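Colleague: Structure provided below as structure tokens; questions to follow.
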Amino acid sequence: MAFGRNRGTTTTTTTTGTGTRIRRRSPLILGLAAFAVLIATLFFWLSAFSVPFIDSIHYVHTRENDVKFGNFGWCAGAPLNGLVAGQACHQHVGYNFRPWIPGGKSATGALILVALTAGFGSLAFLSLLHSIINIASGAASFGLTLFTTLLATISFFLVTIIFGTAHRRFNNDNLDAHYGAAFVLVILGWLIYLFVAIPLVFLGWFKQRRQHTTTAHIRGDTNHTTNVTIRA
């Protein structure tokens, strides 16, 4: 029996008294997909826990009055809160900072989707790890990755519209606004989900599902099972 070489493919051959079954998997491609999902998910987790949780990560920072805006609140330095030193923070799901941040609490409250994206991204990562050893679970992996990408897309538009508008309004009032790491991380995470993770999952699972399992009958009176794994 001859076997062809397939890079990044694991071929498992099972021989029984009734026939030989050949199953192929692509752990390399699915492994790369899982790694891409992990990186993108980490970016969204960091953005979700931006100011007031992680002081160095924020969407926008107005340096004139020293205010940093995050996913679930904002923190103000001494120029705004009147303190000699230190800062005061407001933490809430949905916050109001009119007239600069558009939409008020409704818009900023929708930023909870950033955290939901990170949560579903974590599930997609675990599902992809499982699909590496069990290709039958690839449908769930692709579904979770696709749904996570949808959430990431909505989050991307929310973040860019809300804080892009706020950035422009702050600068119109000479508050010297600058984008922070959270703004960049959401964009990068969305790009990784959309243009790296989804194509890799598609190649690693759907392509393998199209490869048929072949069966060859073996003549003989003895029944035996032989498992041969070839890694190329």
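Lettering and numbering for the structure tokens are positional, with chains as A, B, ... in the shown order, residues counted from 1 in each chain, and ligands counted from 1 in the shown order.
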Once DSSP has gone over the backbone, tell me which residues of region 47-163 of chain A are in alpha helix (DSSP H), as an MDAnalysis selection string.

Modeller: chainID A and resid 47:48 78:81 104:109 112:133 138:163

Colleague: So which bits of region 88-203 of chain A end up strand (DSSP E or B) when you DSSP the backbone, as a list in words?

Modeller: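 Of region 88-203 of chain A, the ones in strand (DSSP E or B) are Ala88, Cys89, His90, Gln91, Ala177, His178 and Tyr179 of chain A.
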
Colleague: Keeping only C-alpha atoms, write the selected residues to a file as a PDB file, in the first residue's frame.

Modeller:
```
ATOM      1  CA  ALA A  88     -10.659  59.897  40.350  1.00  0.00           C
ATOM      2  CA  CYS A  89     -12.349  57.153  38.330  1.00  0.00           C
ATOM      3  CA  HIS A  90     -15.910  56.469  37.283  1.00  0.00           C
ATOM      4  CA  GLN A  91     -16.731  52.801  36.686  1.00  0.00           C
ATOM      5  CA  ALA A 177      -6.855  64.182  22.465  1.00  0.00           C
ATOM      6  CA  HIS A 178      -4.823  61.126  21.507  1.00  0.00           C
ATOM      7  CA  TYR A 179      -5.859  57.566  20.739  1.00  0.00           C
TER       8      TYR A 179
END
```

Colleague: Got a sec: who's within 10 Å of Thr62 (chain A), counting only C-alpha atoms, leaving out chain neighbours fewer than 4 positions off, as a list in words?

Modeller: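 Listed by chain and then number, they are Asp66, Val67, Lys68, Phe69, Ala76, His167, Phe170, Asn171, Asn174, Leu175, Asp176, Ala177, His178 and Tyr179 of chain A.
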
Colleague: Output all heavy atoms for every residue in that selection, as a compact mmCIF listing (two decimals), in the first residue's frame.

Modeller:
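As a result, part14.txt now contains:
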```
# COMPACT_ATOMS: atom_id res chain seq x y z
N ASP A 66 -6.36 65.77 31.27
CA ASP A 66 -5.91 64.48 31.79
C ASP A 66 -7.07 63.53 32.12
O ASP A 66 -7.25 63.11 33.26
CB ASP A 66 -5.03 64.69 33.03
CG ASP A 66 -4.28 63.41 33.41
OD1 ASP A 66 -4.14 62.53 32.54
OD2 ASP A 66 -3.85 63.29 34.58
N VAL A 67 -7.85 63.19 31.09
CA VAL A 67 -8.94 62.23 31.24
C VAL A 67 -8.71 61.07 30.27
O VAL A 67 -8.45 61.29 29.09
CB VAL A 67 -10.32 62.87 30.97
CG1 VAL A 67 -11.43 61.85 31.21
CG2 VAL A 67 -10.52 64.08 31.86
N LYS A 68 -8.81 59.85 30.79
CA LYS A 68 -8.67 58.65 29.98
C LYS A 68 -10.01 57.92 29.93
O LYS A 68 -10.65 57.74 30.97
CB LYS A 68 -7.59 57.73 30.55
CG LYS A 68 -6.19 58.35 30.57
CD LYS A 68 -5.19 57.39 31.22
CE LYS A 68 -3.80 58.01 31.25
NZ LYS A 68 -2.81 57.11 31.91
N PHE A 69 -10.39 57.49 28.74
CA PHE A 69 -11.67 56.84 28.55
C PHE A 69 -11.46 55.37 28.18
O PHE A 69 -10.69 55.06 27.26
CB PHE A 69 -12.47 57.55 27.45
CG PHE A 69 -12.79 58.98 27.78
CD1 PHE A 69 -11.90 59.99 27.43
CD2 PHE A 69 -13.94 59.31 28.46
CE1 PHE A 69 -12.18 61.31 27.73
CE2 PHE A 69 -14.23 60.63 28.78
CZ PHE A 69 -13.34 61.63 28.42
N ALA A 76 -10.04 60.55 35.66
CA ALA A 76 -9.63 61.94 35.51
C ALA A 76 -8.49 62.24 36.46
O ALA A 76 -8.51 61.83 37.62
CB ALA A 76 -10.80 62.88 35.78
N HIS A 167 -12.81 61.87 19.71
CA HIS A 167 -11.46 62.39 19.45
C HIS A 167 -11.53 63.71 18.66
O HIS A 167 -10.83 64.68 18.99
CB HIS A 167 -10.67 61.34 18.68
CG HIS A 167 -9.27 61.74 18.35
ND1 HIS A 167 -8.94 62.43 17.19
CD2 HIS A 167 -8.09 61.56 19.02
CE1 HIS A 167 -7.65 62.63 17.16
NE2 HIS A 167 -7.10 62.12 18.25
N PHE A 170 -13.03 66.50 20.96
CA PHE A 170 -12.06 66.95 21.96
C PHE A 170 -11.03 67.90 21.34
O PHE A 170 -10.70 68.94 21.92
CB PHE A 170 -11.34 65.75 22.58
CG PHE A 170 -12.15 65.00 23.59
CD1 PHE A 170 -12.24 63.62 23.55
CD2 PHE A 170 -12.82 65.67 24.61
CE1 PHE A 170 -12.98 62.92 24.49
CE2 PHE A 170 -13.56 64.99 25.56
CZ PHE A 170 -13.65 63.60 25.49
N ASN A 171 -10.54 67.53 20.18
CA ASN A 171 -9.53 68.38 19.54
C ASN A 171 -10.12 69.69 19.04
O ASN A 171 -9.42 70.71 18.99
CB ASN A 171 -8.87 67.62 18.39
CG ASN A 171 -7.83 66.61 18.88
OD1 ASN A 171 -7.24 66.81 19.94
ND2 ASN A 171 -7.63 65.55 18.13
N ASN A 174 -9.74 71.99 21.70
CA ASN A 174 -8.34 72.17 22.11
C ASN A 174 -7.98 71.40 23.39
O ASN A 174 -7.26 71.90 24.25
CB ASN A 174 -8.03 73.66 22.31
CG ASN A 174 -8.23 74.46 21.05
OD1 ASN A 174 -7.83 74.04 19.96
ND2 ASN A 174 -8.88 75.62 21.18
N LEU A 175 -8.49 70.16 23.49
CA LEU A 175 -8.19 69.33 24.66
C LEU A 175 -7.05 68.34 24.40
O LEU A 175 -6.76 67.50 25.25
CB LEU A 175 -9.45 68.58 25.10
CG LEU A 175 -10.57 69.47 25.65
CD1 LEU A 175 -11.81 68.65 25.98
CD2 LEU A 175 -10.10 70.22 26.89
N ASP A 176 -6.44 68.43 23.23
CA ASP A 176 -5.26 67.62 22.89
C ASP A 176 -5.52 66.13 23.10
O ASP A 176 -4.88 65.46 23.92
CB ASP A 176 -4.06 68.07 23.74
CG ASP A 176 -2.75 67.48 23.23
OD1 ASP A 176 -2.70 67.07 22.06
OD2 ASP A 176 -1.79 67.42 24.03
N ALA A 177 -6.47 65.59 22.33
CA ALA A 177 -6.86 64.18 22.46
C ALA A 177 -5.94 63.29 21.64
O ALA A 177 -5.53 63.65 20.53
CB ALA A 177 -8.30 63.99 22.02
N HIS A 178 -5.65 62.12 22.19
CA HIS A 178 -4.82 61.13 21.51
C HIS A 178 -5.45 59.75 21.69
O HIS A 178 -5.98 59.43 22.75
CB HIS A 178 -3.40 61.12 22.06
CG HIS A 178 -2.64 62.39 21.80
ND1 HIS A 178 -1.83 62.56 20.71
CD2 HIS A 178 -2.59 63.55 22.50
CE1 HIS A 178 -1.29 63.77 20.74
NE2 HIS A 178 -1.75 64.40 21.82
N TYR A 179 -5.36 58.94 20.64
CA TYR A 179 -5.86 57.57 20.74
C TYR A 179 -4.93 56.74 21.62
O TYR A 179 -3.72 56.94 21.64
CB TYR A 179 -5.96 56.91 19.37
CG TYR A 179 -7.04 57.49 18.48
CD1 TYR A 179 -6.72 58.16 17.31
CD2 TYR A 179 -8.38 57.35 18.83
CE1 TYR A 179 -7.71 58.68 16.49
CE2 TYR A 179 -9.38 57.88 18.03
CZ TYR A 179 -9.04 58.55 16.86
OH TYR A 179 -10.02 59.07 16.06
```

Colleague: What does the distance from CA of Val159 (chain A) to CA of Val37 (chain A) come to in Å, to one decimal?

Modeller: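 One can read the CA of Val159 (chain A) to CA of Val37 (chain A) distance as 19.9 Å.
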
Colleague: Find the residues near region 141-153 of chain A: any atom within 7 Å, counting only C-alpha atoms, skip ones fewer than 6 places away on the same chain, and give them as a PyMOL selection string.

Modeller: chain A and resi 113+117+120-121+124+127-128+190+193-194+198+201

Colleague: Kindly give the distance, in Å, that separates CA of Trp74 (chain A) and CA of Ala40 (chain A), rounded to a single decimal.

Modeller: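 CA of Ala40 (chain A) lies at a distance of 23.9 Å from CA of Trp74 (chain A).
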
Colleague: Out of A:Thr41, A:Ser131, A:Asn71, A:Thr165, which residue has the shortest atom-to-atom distance to Ala182 (chain A) when counting only C-alpha atoms?

Modeller: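 Distance minimum relative to Ala182 (chain A) lands on A:Asn71.
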
Colleague: If I take CA of Ile29 (chain A) and CA of Ile133 (chain A), how far is one from the other in Å, to one decimal?

Modeller: 12.3 Å

Colleague: Ranking A:Asn65, A:Asn172, A:Thr160, A:Ser137 by minimum distance to Thr108 (chain A) and counting only C-alpha atoms, which one comes first?

Modeller: A:Thr160

Colleague: Pick from A:Gly138, A:Gly189, A:Gly31, A:Gly103: nearest to Leu158 (chain A), with only C-alpha atoms counted?

Modeller: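 Under the stated criterion, the closest residue is A:Gly103.
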